[in-house]
file start_9.cif (mmCIF, C-alpha atoms)
data_input
loop_
_atom_site.label_atom_id
_atom_site.label_comp_id
_atom_site.auth_asym_id
_atom_site.auth_seq_id
_atom_site.Cartn_x
_atom_site.Cartn_y
_atom_site.Cartn_z
CA LYS H 1 -64.20 -11.89 45.47
CA MET H 2 -65.08 -8.57 47.07
CA ASN H 3 -66.47 -8.15 50.56
CA ASN H 4 -69.97 -6.62 50.51
CA ASN H 5 -69.46 -4.86 53.86
CA VAL H 6 -66.93 -2.34 52.54
CA PRO H 7 -67.38 0.57 50.10
CA LYS H 8 -67.49 -0.31 46.39
CA PRO H 9 -64.68 0.60 43.98
CA GLU H 10 -65.16 4.03 42.47
CA ARG H 11 -63.41 6.88 40.69
CA LYS H 12 -62.36 9.56 43.17
CA PRO H 13 -60.64 12.93 42.77
CA LEU H 14 -57.53 12.87 44.94
CA LEU H 15 -58.26 15.82 47.23
CA THR H 16 -61.91 14.82 47.59
CA PHE H 17 -60.83 11.36 48.72
CA LEU H 18 -58.30 12.73 51.22
CA ASN H 19 -60.98 15.05 52.62
CA GLU H 20 -63.25 12.05 53.12
CA VAL H 21 -60.63 10.15 55.14
CA ARG H 22 -59.53 13.11 57.21
CA GLU H 23 -59.98 12.07 60.83
CA ASN H 24 -58.57 9.07 62.65
CA LYS H 25 -57.45 7.24 59.52
CA GLN H 26 -53.92 6.06 58.74
CA PHE H 27 -52.46 4.80 55.48
CA VAL H 28 -49.98 2.02 56.28
CA ILE H 29 -47.38 0.60 53.90
CA PRO H 30 -47.08 -3.00 55.21
CA VAL H 31 -43.71 -4.67 55.59
CA TYR H 32 -44.37 -7.16 52.78
CA GLN H 33 -44.39 -4.34 50.21
CA ARG H 34 -41.33 -3.46 48.19
CA ASN H 35 -39.25 -0.44 49.06
CA TYR H 36 -40.14 3.05 47.86
CA ILE H 37 -38.30 2.97 44.54
CA TRP H 38 -39.70 5.94 42.58
CA GLN H 39 -36.87 8.15 41.36
CA SER H 40 -36.83 11.92 41.23
CA ASN H 41 -35.64 12.09 37.63
CA LYS H 42 -38.17 9.53 36.35
CA GLN H 43 -41.51 8.69 37.99
CA VAL H 44 -41.57 11.69 40.36
CA LYS H 45 -40.59 14.06 37.56
CA LYS H 46 -43.47 12.73 35.45
CA PHE H 47 -45.86 13.13 38.39
CA ILE H 48 -44.83 16.80 38.86
CA ASP H 49 -44.82 17.46 35.10
CA ASP H 50 -48.39 16.14 34.92
CA TYR H 51 -49.32 18.22 37.94
CA GLU H 52 -47.93 21.36 36.28
CA LEU H 53 -50.01 20.70 33.16
CA VAL H 54 -53.10 20.38 35.35
CA LEU H 55 -52.16 23.58 37.17
CA LYS H 56 -51.86 25.42 33.84
CA ASN H 57 -55.33 24.13 32.90
CA ALA H 58 -53.76 22.31 29.97
CA THR H 59 -55.74 19.26 31.00
CA ASP H 60 -58.96 18.95 32.97
CA ALA H 61 -58.33 15.62 34.66
CA HIS H 62 -55.48 13.17 34.99
CA PHE H 63 -55.72 9.50 35.98
CA ILE H 64 -52.95 8.46 38.38
CA GLY H 65 -53.79 4.81 38.89
CA ILE H 66 -55.36 2.41 41.35
CA LEU H 67 -55.33 2.75 45.11
CA MET H 68 -56.24 -0.57 46.72
CA PHE H 69 -56.25 -0.96 50.48
CA LEU H 70 -57.43 -3.32 53.17
CA ILE H 71 -59.66 -1.55 55.73
CA ILE H 72 -58.79 -2.63 59.27
CA GLN H 73 -60.40 -1.22 62.42
CA LYS H 74 -57.33 -0.97 64.65
CA SER H 75 -59.10 0.56 67.64
CA ILE H 76 -62.11 2.68 68.55
CA THR H 77 -60.16 5.76 67.49
CA LEU H 78 -58.16 4.53 64.47
CA THR H 79 -59.00 2.93 61.11
CA GLU H 80 -56.05 1.58 59.15
CA TYR H 81 -55.87 1.58 55.34
CA SER H 82 -53.25 -1.08 54.60
CA ILE H 83 -52.01 -0.43 51.05
CA VAL H 84 -52.16 -3.47 48.76
CA ASP H 85 -51.52 -1.54 45.53
CA GLY H 86 -50.51 2.09 45.00
CA GLN H 87 -47.83 2.58 47.64
CA GLN H 88 -45.37 4.44 45.36
CA ARG H 89 -47.83 7.17 44.38
CA THR H 90 -49.30 7.30 47.91
CA ILE H 91 -45.92 8.14 49.47
CA THR H 92 -45.21 10.64 46.66
CA ILE H 93 -48.56 12.41 47.27
CA PHE H 94 -47.83 12.77 50.99
CA LEU H 95 -44.35 14.12 50.25
CA PHE H 96 -46.01 16.59 47.84
CA LEU H 97 -48.43 17.78 50.57
CA GLN H 98 -45.57 18.16 53.04
CA ALA H 99 -43.55 20.20 50.51
CA LEU H 100 -46.55 22.47 49.83
CA LYS H 101 -47.02 22.92 53.59
CA GLU H 102 -43.36 23.93 53.99
CA ILE H 103 -43.52 26.42 51.12
CA ALA H 104 -46.62 28.04 52.63
CA LYS H 105 -44.90 28.28 56.02
CA GLU H 106 -41.69 29.72 54.57
CA ASN H 107 -43.75 32.42 52.84
CA GLY H 108 -45.59 33.43 55.99
CA ASN H 109 -48.87 31.65 55.21
CA ILE H 110 -48.93 29.91 58.60
CA GLU H 111 -52.68 29.29 58.66
CA PHE H 112 -52.64 27.56 55.28
CA ALA H 113 -49.65 25.43 56.33
CA LYS H 114 -51.44 24.42 59.53
CA ASN H 115 -54.54 23.56 57.51
CA ILE H 116 -52.57 21.12 55.31
CA GLU H 117 -50.96 19.56 58.37
CA THR H 118 -54.17 18.97 60.32
CA LYS H 119 -56.29 17.94 57.32
CA TYR H 120 -53.92 15.74 55.36
CA LEU H 121 -50.67 14.95 57.17
CA THR H 122 -51.69 14.17 60.75
CA ASN H 123 -54.54 12.93 62.89
CA PRO H 124 -54.70 15.88 65.31
CA ASN H 125 -57.05 14.13 67.76
CA ILE H 126 -54.72 11.16 68.31
CA ALA H 127 -52.00 11.45 70.93
CA ASP H 128 -50.00 8.31 70.04
CA ALA H 129 -46.87 9.41 68.13
CA VAL H 130 -47.01 6.51 65.62
CA GLU H 131 -50.75 6.67 64.92
CA LYS H 132 -50.77 10.47 64.74
CA LEU H 133 -49.17 10.57 61.28
CA LYS H 134 -51.61 10.03 58.42
CA LEU H 135 -49.03 7.92 56.56
CA LYS H 136 -46.89 5.16 58.06
CA PRO H 137 -44.33 4.13 55.43
CA LEU H 138 -42.20 0.99 55.30
CA VAL H 139 -39.88 0.38 58.23
CA SER H 140 -36.85 1.36 56.09
CA ASP H 141 -38.38 4.78 55.27
CA ASP H 142 -40.24 5.41 58.52
CA GLU H 143 -37.66 7.47 60.38
CA VAL H 144 -36.70 9.85 57.58
CA TYR H 145 -40.36 10.40 56.65
CA ARG H 146 -41.22 11.11 60.29
CA LYS H 147 -38.41 13.69 60.52
CA ILE H 148 -39.63 15.42 57.35
CA VAL H 149 -43.28 15.64 58.43
CA LEU H 150 -42.47 16.64 62.01
CA ASP H 151 -40.21 19.45 60.72
CA GLN H 152 -37.06 17.83 62.07
CA GLN H 153 -35.09 18.06 58.82
CA SER H 154 -32.01 19.32 60.69
CA THR H 155 -31.71 15.90 62.37
CA ILE H 156 -31.74 13.92 59.10
CA THR H 157 -28.46 12.01 58.86
CA HIS H 158 -26.09 11.80 55.92
CA ASP H 159 -27.22 8.25 55.15
CA GLU H 160 -30.92 9.19 55.43
CA LYS H 161 -30.35 11.90 52.83
CA LYS H 162 -29.49 9.13 50.36
CA SER H 163 -32.97 7.61 50.70
CA ASN H 164 -35.54 8.02 47.93
CA VAL H 165 -37.95 9.55 50.43
CA TYR H 166 -35.58 12.43 51.17
CA ILE H 167 -34.28 12.88 47.61
CA ASN H 168 -37.82 12.93 46.18
CA TYR H 169 -39.07 15.29 48.87
CA GLU H 170 -36.29 17.77 48.06
CA TYR H 171 -37.01 17.46 44.33
CA ILE H 172 -40.77 18.01 44.78
CA LYS H 173 -40.17 21.01 47.04
CA ARG H 174 -37.77 22.60 44.53
CA ARG H 175 -40.24 22.13 41.66
CA LEU H 176 -43.14 23.54 43.69
CA LYS H 177 -41.03 26.54 44.73
CA GLU H 178 -40.51 27.31 41.04
CA MET H 179 -44.30 27.32 40.51
CA TYR H 180 -45.08 29.30 43.66
CA GLY H 181 -45.69 32.94 42.83
CA ASN H 182 -47.22 32.15 39.46
CA TYR H 183 -50.27 30.64 41.14
CA PRO H 184 -52.14 31.27 44.41
CA ILE H 185 -51.12 28.55 46.85
CA GLU H 186 -54.80 27.66 47.31
CA ASP H 187 -54.96 26.84 43.59
CA MET H 188 -51.80 24.73 43.93
CA LEU H 189 -53.56 22.59 46.52
CA GLU H 190 -56.91 22.45 44.71
CA ALA H 191 -55.19 21.31 41.50
CA LEU H 192 -54.72 17.92 43.17
CA ASP H 193 -58.46 17.40 42.78
CA LYS H 194 -57.95 17.13 39.02
CA PHE H 195 -55.91 14.00 39.69
CA TYR H 196 -58.08 10.98 40.25
CA PHE H 197 -57.69 7.43 41.49
CA VAL H 198 -59.79 4.36 41.14
CA ILE H 199 -60.28 3.54 44.81
CA ILE H 200 -60.65 -0.17 45.62
CA PRO H 201 -61.32 -0.81 49.32
CA LEU H 202 -61.01 -4.38 50.62
CA GLY H 203 -62.45 -5.95 53.76
CA ASN H 204 -61.11 -8.73 55.97
CA GLY H 205 -63.12 -11.27 53.96
CA ASP H 206 -61.22 -10.44 50.78
CA ASN H 207 -58.17 -12.52 49.91
CA ALA H 208 -55.58 -9.74 49.98
CA GLN H 209 -52.71 -12.19 49.33
CA GLU H 210 -54.33 -13.53 46.15
CA ILE H 211 -55.18 -10.02 44.93
CA PHE H 212 -51.63 -8.80 45.65
CA GLU H 213 -50.09 -11.70 43.72
CA THR H 214 -52.45 -11.13 40.75
CA ILE H 215 -51.62 -7.41 40.60
CA ASN H 216 -47.88 -7.94 40.86
CA SER H 217 -47.79 -10.75 38.30
CA ALA H 218 -48.25 -8.06 35.63
CA GLY H 219 -45.22 -6.08 36.80
CA ALA H 220 -41.68 -7.04 37.77
CA GLU H 221 -41.86 -10.68 38.81
CA LEU H 222 -41.77 -11.28 42.53
CA SER H 223 -39.09 -13.68 43.71
CA LYS H 224 -40.07 -16.90 45.49
CA SER H 225 -38.76 -15.43 48.75
CA ASP H 226 -40.86 -12.25 48.20
CA LEU H 227 -43.95 -14.42 47.78
CA ILE H 228 -43.10 -16.46 50.88
CA ARG H 229 -42.56 -13.31 52.97
CA ASN H 230 -45.88 -11.86 51.80
CA TYR H 231 -47.71 -15.11 52.45
CA ILE H 232 -46.44 -15.28 56.04
CA LEU H 233 -46.98 -11.64 56.98
CA MET H 234 -49.85 -10.28 54.90
CA ASN H 235 -52.92 -11.04 56.99
CA ILE H 236 -51.45 -10.07 60.36
CA ASP H 237 -52.10 -6.90 62.35
CA SER H 238 -49.60 -4.25 61.18
CA THR H 239 -47.99 -3.74 64.62
CA GLU H 240 -47.42 -7.49 65.02
CA GLN H 241 -46.41 -7.68 61.36
CA GLU H 242 -43.66 -5.12 61.93
CA ARG H 243 -42.42 -6.91 65.06
CA LEU H 244 -42.23 -10.28 63.31
CA PHE H 245 -40.51 -8.70 60.33
CA ASN H 246 -37.88 -7.02 62.52
CA ASP H 247 -37.28 -10.00 64.81
CA TYR H 248 -37.29 -12.83 62.28
CA TRP H 249 -37.65 -12.05 58.59
CA GLN H 250 -35.24 -9.13 58.30
CA PRO H 251 -32.37 -11.04 60.01
CA VAL H 252 -32.91 -13.88 57.51
CA GLU H 253 -32.86 -11.43 54.58
CA GLU H 254 -29.64 -9.91 55.93
CA LEU H 255 -27.93 -13.32 55.90
CA PHE H 256 -28.58 -13.68 52.18
CA GLU H 257 -28.70 -10.10 50.81
CA LYS H 258 -25.11 -10.11 49.49
CA ASN H 259 -24.91 -13.69 48.24
CA GLY H 260 -28.31 -14.18 46.55
CA LYS H 261 -28.78 -17.59 48.18
CA MET H 262 -32.16 -17.03 49.85
CA GLU H 263 -34.18 -19.06 47.36
CA ASN H 264 -31.57 -21.84 47.46
CA PHE H 265 -31.95 -21.87 51.24
CA PHE H 266 -35.74 -22.20 51.05
CA ARG H 267 -35.46 -25.07 48.58
CA MET H 268 -33.08 -26.96 50.89
CA PHE H 269 -35.01 -25.99 54.01
CA LEU H 270 -38.26 -27.36 52.59
CA ALA H 271 -36.43 -30.54 51.53
CA ASN H 272 -35.27 -30.86 55.14
CA GLN H 273 -38.82 -30.42 56.40
CA THR H 274 -40.76 -32.46 53.80
CA LYS H 275 -38.07 -35.03 52.88
CA VAL H 276 -38.60 -34.21 49.19
CA LEU H 277 -36.26 -32.05 47.06
CA ASP H 278 -38.62 -30.10 44.79
CA ASN H 279 -37.82 -28.00 41.74
CA MET H 280 -37.11 -24.32 42.35
CA GLU H 281 -40.23 -23.19 40.44
CA ASP H 282 -42.42 -25.21 42.82
CA ILE H 283 -40.95 -23.79 46.04
CA TYR H 284 -43.69 -21.26 46.76
CA ASN H 285 -46.50 -23.80 46.42
CA VAL H 286 -44.57 -26.32 48.52
CA PHE H 287 -44.01 -23.67 51.17
CA GLN H 288 -47.72 -22.82 51.32
CA LYS H 289 -48.62 -26.47 51.93
CA TRP H 290 -45.89 -26.88 54.56
CA PHE H 291 -46.92 -23.65 56.31
CA ILE H 292 -50.61 -24.66 56.43
CA ASN H 293 -49.67 -28.06 57.81
CA GLU H 294 -47.43 -26.52 60.49
CA ARG H 295 -50.14 -24.07 61.48
CA ASP H 296 -53.22 -26.26 61.28
CA GLU H 297 -51.92 -29.76 62.00
CA SER H 298 -49.00 -29.03 64.32
CA GLY H 299 -50.64 -26.01 65.96
CA ARG H 300 -47.65 -23.71 65.52
CA SER H 301 -48.08 -19.95 65.55
CA VAL H 302 -46.66 -17.73 62.80
CA GLU H 303 -43.92 -16.71 65.24
CA ASP H 304 -43.08 -20.38 65.92
CA ILE H 305 -42.77 -21.00 62.18
CA LEU H 306 -40.57 -17.92 61.70
CA LYS H 307 -38.34 -19.11 64.55
CA ILE H 308 -37.80 -22.40 62.73
CA ILE H 309 -37.01 -20.60 59.44
CA LYS H 310 -34.56 -18.24 61.16
CA LYS H 311 -32.82 -21.12 62.96
CA TYR H 312 -32.33 -23.18 59.80
CA ALA H 313 -31.32 -20.10 57.79
CA THR H 314 -28.50 -19.59 60.28
CA TYR H 315 -27.45 -23.24 59.85
CA TYR H 316 -27.45 -22.94 56.07
CA TYR H 317 -25.51 -19.68 56.24
CA ASN H 318 -22.86 -21.10 58.56
CA ILE H 319 -22.43 -24.26 56.48
CA PHE H 320 -22.35 -22.77 52.98
CA ILE H 321 -21.61 -19.05 53.22
CA ALA H 322 -19.92 -17.84 56.42
CA PHE H 323 -16.15 -17.48 56.37
CA ASN H 324 -15.92 -18.49 60.00
CA ASN H 325 -18.08 -20.81 62.03
CA ASN H 326 -18.50 -21.50 65.72
CA PHE H 327 -17.55 -25.15 65.57
CA GLU H 328 -14.59 -26.55 67.42
CA SER H 329 -11.92 -28.69 65.78
CA PRO H 330 -12.02 -31.11 64.00
CA ILE H 331 -15.57 -30.23 62.82
CA LYS H 332 -14.43 -26.72 61.88
CA GLU H 333 -11.70 -27.95 59.51
CA SER H 334 -13.92 -30.65 58.00
CA LEU H 335 -16.63 -28.11 57.27
CA GLU H 336 -14.15 -25.74 55.63
CA GLU H 337 -13.00 -28.60 53.39
CA PHE H 338 -16.60 -29.50 52.60
CA LYS H 339 -17.41 -25.93 51.53
CA LYS H 340 -14.86 -26.19 48.74
CA SER H 341 -16.92 -28.96 47.13
CA THR H 342 -20.19 -26.92 47.22
CA ILE H 343 -22.30 -30.07 47.05
CA GLU H 344 -25.54 -28.33 47.96
CA PRO H 345 -28.05 -31.23 47.71
CA THR H 346 -26.54 -32.51 50.96
CA ALA H 347 -27.79 -29.34 52.69
CA PRO H 348 -31.06 -30.82 54.05
CA LEU H 349 -29.08 -33.55 55.86
CA LEU H 350 -26.31 -31.23 57.03
CA MET H 351 -28.77 -28.70 58.43
CA GLU H 352 -30.37 -31.46 60.49
CA VAL H 353 -26.96 -32.65 61.73
CA TYR H 354 -26.23 -29.04 62.65
CA ASN H 355 -29.56 -28.88 64.49
CA LEU H 356 -28.68 -32.02 66.48
CA TYR H 357 -25.26 -30.54 67.29
CA GLU H 358 -26.85 -27.27 68.46
CA THR H 359 -29.37 -29.12 70.58
CA LYS H 360 -26.74 -31.28 72.24
CA ASN H 361 -24.07 -28.56 72.45
CA PRO H 362 -25.71 -25.14 72.92
CA TYR H 363 -23.29 -22.22 72.87
#
call {"tool": "encode", "arguments": {"input": "start_9.cif", "output": "structure tokens"}}
result
Amino acid sequence: KMNNNVPKPERKPLLTFLNEVRENKQFVIPVYQRNYIWQSNKQVKKFIDDYELVLKNATDAHFIGILMFLIIQKSITLTEYSIVDGQQRTITIFLFLQALKEIAKENGNIEFAKNIETKYLTNPNIADAVEKLKLKPLVSDDEVYRKIVLDQQSTITHDEKKSNVYINYEYIKRRLKEMYGNYPIEDMLEALDKFYFVIIPLGNGDNAQEIFETINSAGAELSKSDLIRNYILMNIDSTEQERLFNDYWQPVEELFEKNGKMENFFRMFLANQTKVLDNMEDIYNVFQKWFINERDESGRSVEDILKIIKKYATYYYNIFIAFNNNFESPIKESLEEFKKSTIEPTAPLLMEVYNLYETKNPY
């Protein structure tokens, strides 16, 4: 269902849309979204190839997809557009605008470069360093993007240069440099208006989680842990969302990123909590019911629930994955022997024994 208090979906030329959201607006890529995965030799190349055709007047208009966002009034001075669908092309467009700004500046067109910066890349009337940028990418891309837009490329580290944000920015800039000189730079900017989106704004009354799941069901299937993460974090203020992600969810992901056991953990964790061992395909639905019960019946906050998940994830990790554990003998040796058997259905019980041990013997 769509909220009647927000603008209706409509077809919008790209530059026209960006001109309409010029002041005190920020596009935010929320932490539940996937990483920026577009590659310079694939999706970004196609984007620039299409752009070049538009620039050559080989085509009058080019559809570049859907842009769906949740409109959130963050403060009196700032409106947030939290991207539900379209984050890959959104980041690419902002990298494109930054590259065009840099080319203008390098060729002495300072006024034009400043115009791009103040119209499209920043909110010039906002002093706050985070809110000032028109785009706030995912946490993993935030720092390198900030350095690019704030003209601090000399401080970009060796590791940051391996990121898709940096690689794609360099690729876009090189391609635009090749076009510069054949076209007035004003025409290079205006050509973006031949690209068009279907803009779908959402309001707080819209079920962003349900819409997100529906959209992504058509693409690469989300894992159960992806769905759980999104369910927990989606409808929270972006600043709080980022804090909870950094403090709780990311440490849990790091425990399981190399061993692929995150979904196994959630299955055993939910068995520990509900006293029923469900099938793996049912885990997301079981989690939703457990989460609602914890929140509504037990009165726990989202942070309380994440604390429980993080605690039990650490137990599971130490029992089944870690090479060393903090137990003293003889528990340490017994646990090492147990690991060799890998009898995982005992995990719900063992995690609770671990919890009792931790409670009685904090260290």
call {"tool": "resolve_selection", "arguments": {"input": "start_9.cif", "expression": "the PyMOL selection byres ((chain H and resi 345-349) around 8)", "output": "list in words"}}
result
Met268, Phe269, Ala271, Asn272, Tyr316, Ile343, Glu344, Leu350, Met351, Glu352 and Val353 of chain H
call {"tool": "write_last_selection", "arguments": {"input": "start_9.cif", "atoms": "C-alpha atoms", "output": "tab-separated table (two decimals), in the coordinates of the input"}}
result
chain	number	residue	atom	x	y	z
H	268	MET	CA	-33.08	-26.96	50.89
H	269	PHE	CA	-35.01	-25.99	54.01
H	271	ALA	CA	-36.43	-30.54	51.53
H	272	ASN	CA	-35.27	-30.86	55.14
H	316	TYR	CA	-27.45	-22.94	56.07
H	343	ILE	CA	-22.30	-30.07	47.05
H	344	GLU	CA	-25.54	-28.33	47.96
H	350	LEU	CA	-26.31	-31.23	57.03
H	351	MET	CA	-28.77	-28.70	58.43
H	352	GLU	CA	-30.37	-31.46	60.49
H	353	VAL	CA	-26.96	-32.65	61.73
call {"tool": "closest_atom_pairs", "arguments": {"input": "start_9.cif", "of": "region 91-145 of chain H", "to": "region 235-255 of chain H", "cutoff": "12 Å", "atoms": "only C-alpha atoms", "output": "Markdown table"}}
result
| residue | atom | partner | partner_atom | distance |
| --- | --- | --- | --- | --- |
| H:Val130 | CA | H:Thr239 | CA | 10.3 |
| H:Glu131 | CA | H:Thr239 | CA | 10.8 |
| H:Lys136 | CA | H:Ser238 | CA | 10.3 |
| H:Pro137 | CA | H:Glu242 | CA | 11.3 |
| H:Leu138 | CA | H:Glu242 | CA | 9.1 |
| H:Val139 | CA | H:Glu242 | CA | 7.6 |
| H:Ser140 | CA | H:Asn246 | CA | 10.6 |
| H:Asp142 | CA | H:Glu242 | CA | 11.6 |
call {"tool": "resolve_selection", "arguments": {"input": "start_9.cif", "expression": "the PyMOL selection byres ((chain H and resi 278-293) around 10)", "output": "number ranges by chain"}}
result
H: 223-228, 231-232, 263-264, 266-271, 273-277, 294-300, 302, 305
call {"tool": "closest_residue", "arguments": {"input": "start_9.cif", "among": "H:Asn125, H:Ala191, H:Phe265, H:Ile48", "to": "Lys173 (chain H)", "atoms": "all atoms listed in the file"}}
result
H:Ile48
call {"tool": "atom_distance", "arguments": {"input": "start_9.cif", "atom1": "CA of Val149 (chain H)", "atom2": "CA of Gln98 (chain H)"}}
result
6.4 Å
call {"tool": "closest_residue", "arguments": {"input": "start_9.cif", "among": "H:Ile199, H:Leu70, H:Ile308, H:Met188", "to": "Leu18 (chain H)", "atoms": "only C-alpha atoms"}}
result
H:Ile199
call {"tool": "residues_around", "arguments": {"input": "start_9.cif", "residues": "Leu14 (chain H)", "least_positions_apart": "2", "cutoff": "9 Å", "atoms": "only C-alpha atoms", "output": "ChimeraX atom specification"}}
result
/H:12,16-19,192-197
call {"tool": "resolve_selection", "arguments": {"input": "start_9.cif", "expression": "the PyMOL selection byres ((chain H and resi 50) around 12)", "output": "compact mmCIF listing (two decimals) with C-alpha atoms, keeping the file's coordinate frame"}}
result
# COMPACT_ATOMS: atom_id res chain seq x y z
CA GLN H 43 -41.51 8.69 37.99
CA VAL H 44 -41.57 11.69 40.36
CA LYS H 45 -40.59 14.06 37.56
CA LYS H 46 -43.47 12.73 35.45
CA PHE H 47 -45.86 13.13 38.39
CA ILE H 48 -44.83 16.80 38.86
CA ASP H 49 -44.82 17.46 35.10
CA TYR H 51 -49.32 18.22 37.94
CA GLU H 52 -47.93 21.36 36.28
CA LEU H 53 -50.01 20.70 33.16
CA VAL H 54 -53.10 20.38 35.35
CA LEU H 55 -52.16 23.58 37.17
CA LYS H 56 -51.86 25.42 33.84
CA ASN H 57 -55.33 24.13 32.90
CA ALA H 58 -53.76 22.31 29.97
CA THR H 59 -55.74 19.26 31.00
CA ASP H 60 -58.96 18.95 32.97
CA ALA H 61 -58.33 15.62 34.66
CA HIS H 62 -55.48 13.17 34.99
CA PHE H 63 -55.72 9.50 35.98
CA ILE H 64 -52.95 8.46 38.38
CA ALA H 191 -55.19 21.31 41.50
CA LEU H 192 -54.72 17.92 43.17
CA LYS H 194 -57.95 17.13 39.02
CA PHE H 195 -55.91 14.00 39.69
call {"tool": "residues_near_point", "arguments": {"input": "start_9.cif", "point": "(-43.8, 27.4, 43.7)", "cutoff": "12 Å", "atoms": "all atoms listed in the file", "output": "PyMOL selection string"}}
result
chain H and resi 48+52+55+96+99-104+106-107+172-189
call {"tool": "residues_near_point", "arguments": {"input": "start_9.cif", "point": "(-31.9, 9.6, 53.3)", "cutoff": "12 Å", "atoms": "only C-alpha atoms", "output": "list in words"}}
result
Tyr36, Ser140, Asp141, Asp142, Glu143, Val144, Tyr145, Arg146, Lys147, Ile148, Gln153, Thr155, Ile156, Thr157, His158, Asp159, Glu160, Lys161, Lys162, Ser163, Asn164, Val165, Tyr166, Ile167, Asn168, Tyr169 and Glu170 of chain H
call {"tool": "atom_distance", "arguments": {"input": "start_9.cif", "atom1": "CA of Thr122 (chain H)", "atom2": "CA of Leu135 (chain H)"}}
result
8.0 Å
call {"tool": "atom_distance", "arguments": {"input": "start_9.cif", "atom1": "CA of Asn35 (chain H)", "atom2": "CA of Glu20 (chain H)"}}
result
27.4 Å
call {"tool": "residues_around", "arguments": {"input": "start_9.cif", "residues": "region 83-85 of chain H", "least_positions_apart": "6", "cutoff": "6 Å", "atoms": "only C-alpha atoms", "output": "list in words"}}
result
Ile29, Leu67, Met68 and Phe69 of chain H
call {"tool": "decode", "arguments": {"input": "start_9.cif", "residues": "region 293-309 of chain H", "atoms": "N, CA and C atoms", "output": "tab-separated table (two decimals), in the first residue's frame"}}
result
chain	number	residue	atom	x	y	z
H	293	ASN	N	7.47	-11.03	19.68
H	293	ASN	CA	7.14	-11.41	21.05
H	293	ASN	C	8.09	-10.75	22.06
H	294	GLU	N	9.39	-10.74	21.73
H	294	GLU	CA	10.37	-10.10	22.61
H	294	GLU	C	10.09	-8.61	22.75
H	295	ARG	N	9.72	-8.00	21.65
H	295	ARG	CA	9.48	-6.55	21.67
H	295	ARG	C	8.15	-6.20	22.34
H	296	ASP	N	7.09	-6.89	21.95
H	296	ASP	CA	5.76	-6.50	22.39
H	296	ASP	C	5.35	-7.14	23.72
H	297	GLU	N	5.73	-8.39	23.92
H	297	GLU	CA	5.33	-9.08	25.15
H	297	GLU	C	6.34	-8.89	26.27
H	298	SER	N	7.62	-8.97	25.92
H	298	SER	CA	8.66	-8.85	26.95
H	298	SER	C	9.13	-7.41	27.13
H	299	GLY	N	8.75	-6.53	26.20
H	299	GLY	CA	9.09	-5.12	26.34
H	299	GLY	C	10.55	-4.79	26.08
H	300	ARG	N	11.22	-5.64	25.31
H	300	ARG	CA	12.64	-5.39	25.03
H	300	ARG	C	12.78	-4.42	23.85
H	301	SER	N	13.80	-3.58	23.93
H	301	SER	CA	14.11	-2.67	22.83
H	301	SER	C	14.86	-3.43	21.75
H	302	VAL	N	15.01	-2.83	20.58
H	302	VAL	CA	15.79	-3.45	19.50
H	302	VAL	C	17.22	-3.68	19.98
H	303	GLU	N	17.76	-2.70	20.72
H	303	GLU	CA	19.13	-2.86	21.23
H	303	GLU	C	19.22	-4.03	22.20
H	304	ASP	N	18.23	-4.20	23.07
H	304	ASP	CA	18.22	-5.35	23.99
H	304	ASP	C	18.25	-6.66	23.21
H	305	ILE	N	17.44	-6.73	22.16
H	305	ILE	CA	17.36	-7.95	21.36
H	305	ILE	C	18.70	-8.21	20.66
H	306	LEU	N	19.31	-7.16	20.12
H	306	LEU	CA	20.61	-7.32	19.47
H	306	LEU	C	21.69	-7.75	20.46
H	307	LYS	N	21.60	-7.28	21.69
H	307	LYS	CA	22.55	-7.70	22.73
H	307	LYS	C	22.46	-9.21	22.97
H	308	ILE	N	21.22	-9.71	23.02
H	308	ILE	CA	21.01	-11.15	23.22
H	308	ILE	C	21.60	-11.93	22.04
H	309	ILE	N	21.32	-11.48	20.82
H	309	ILE	CA	21.84	-12.16	19.62
H	309	ILE	C	23.37	-12.17	19.64
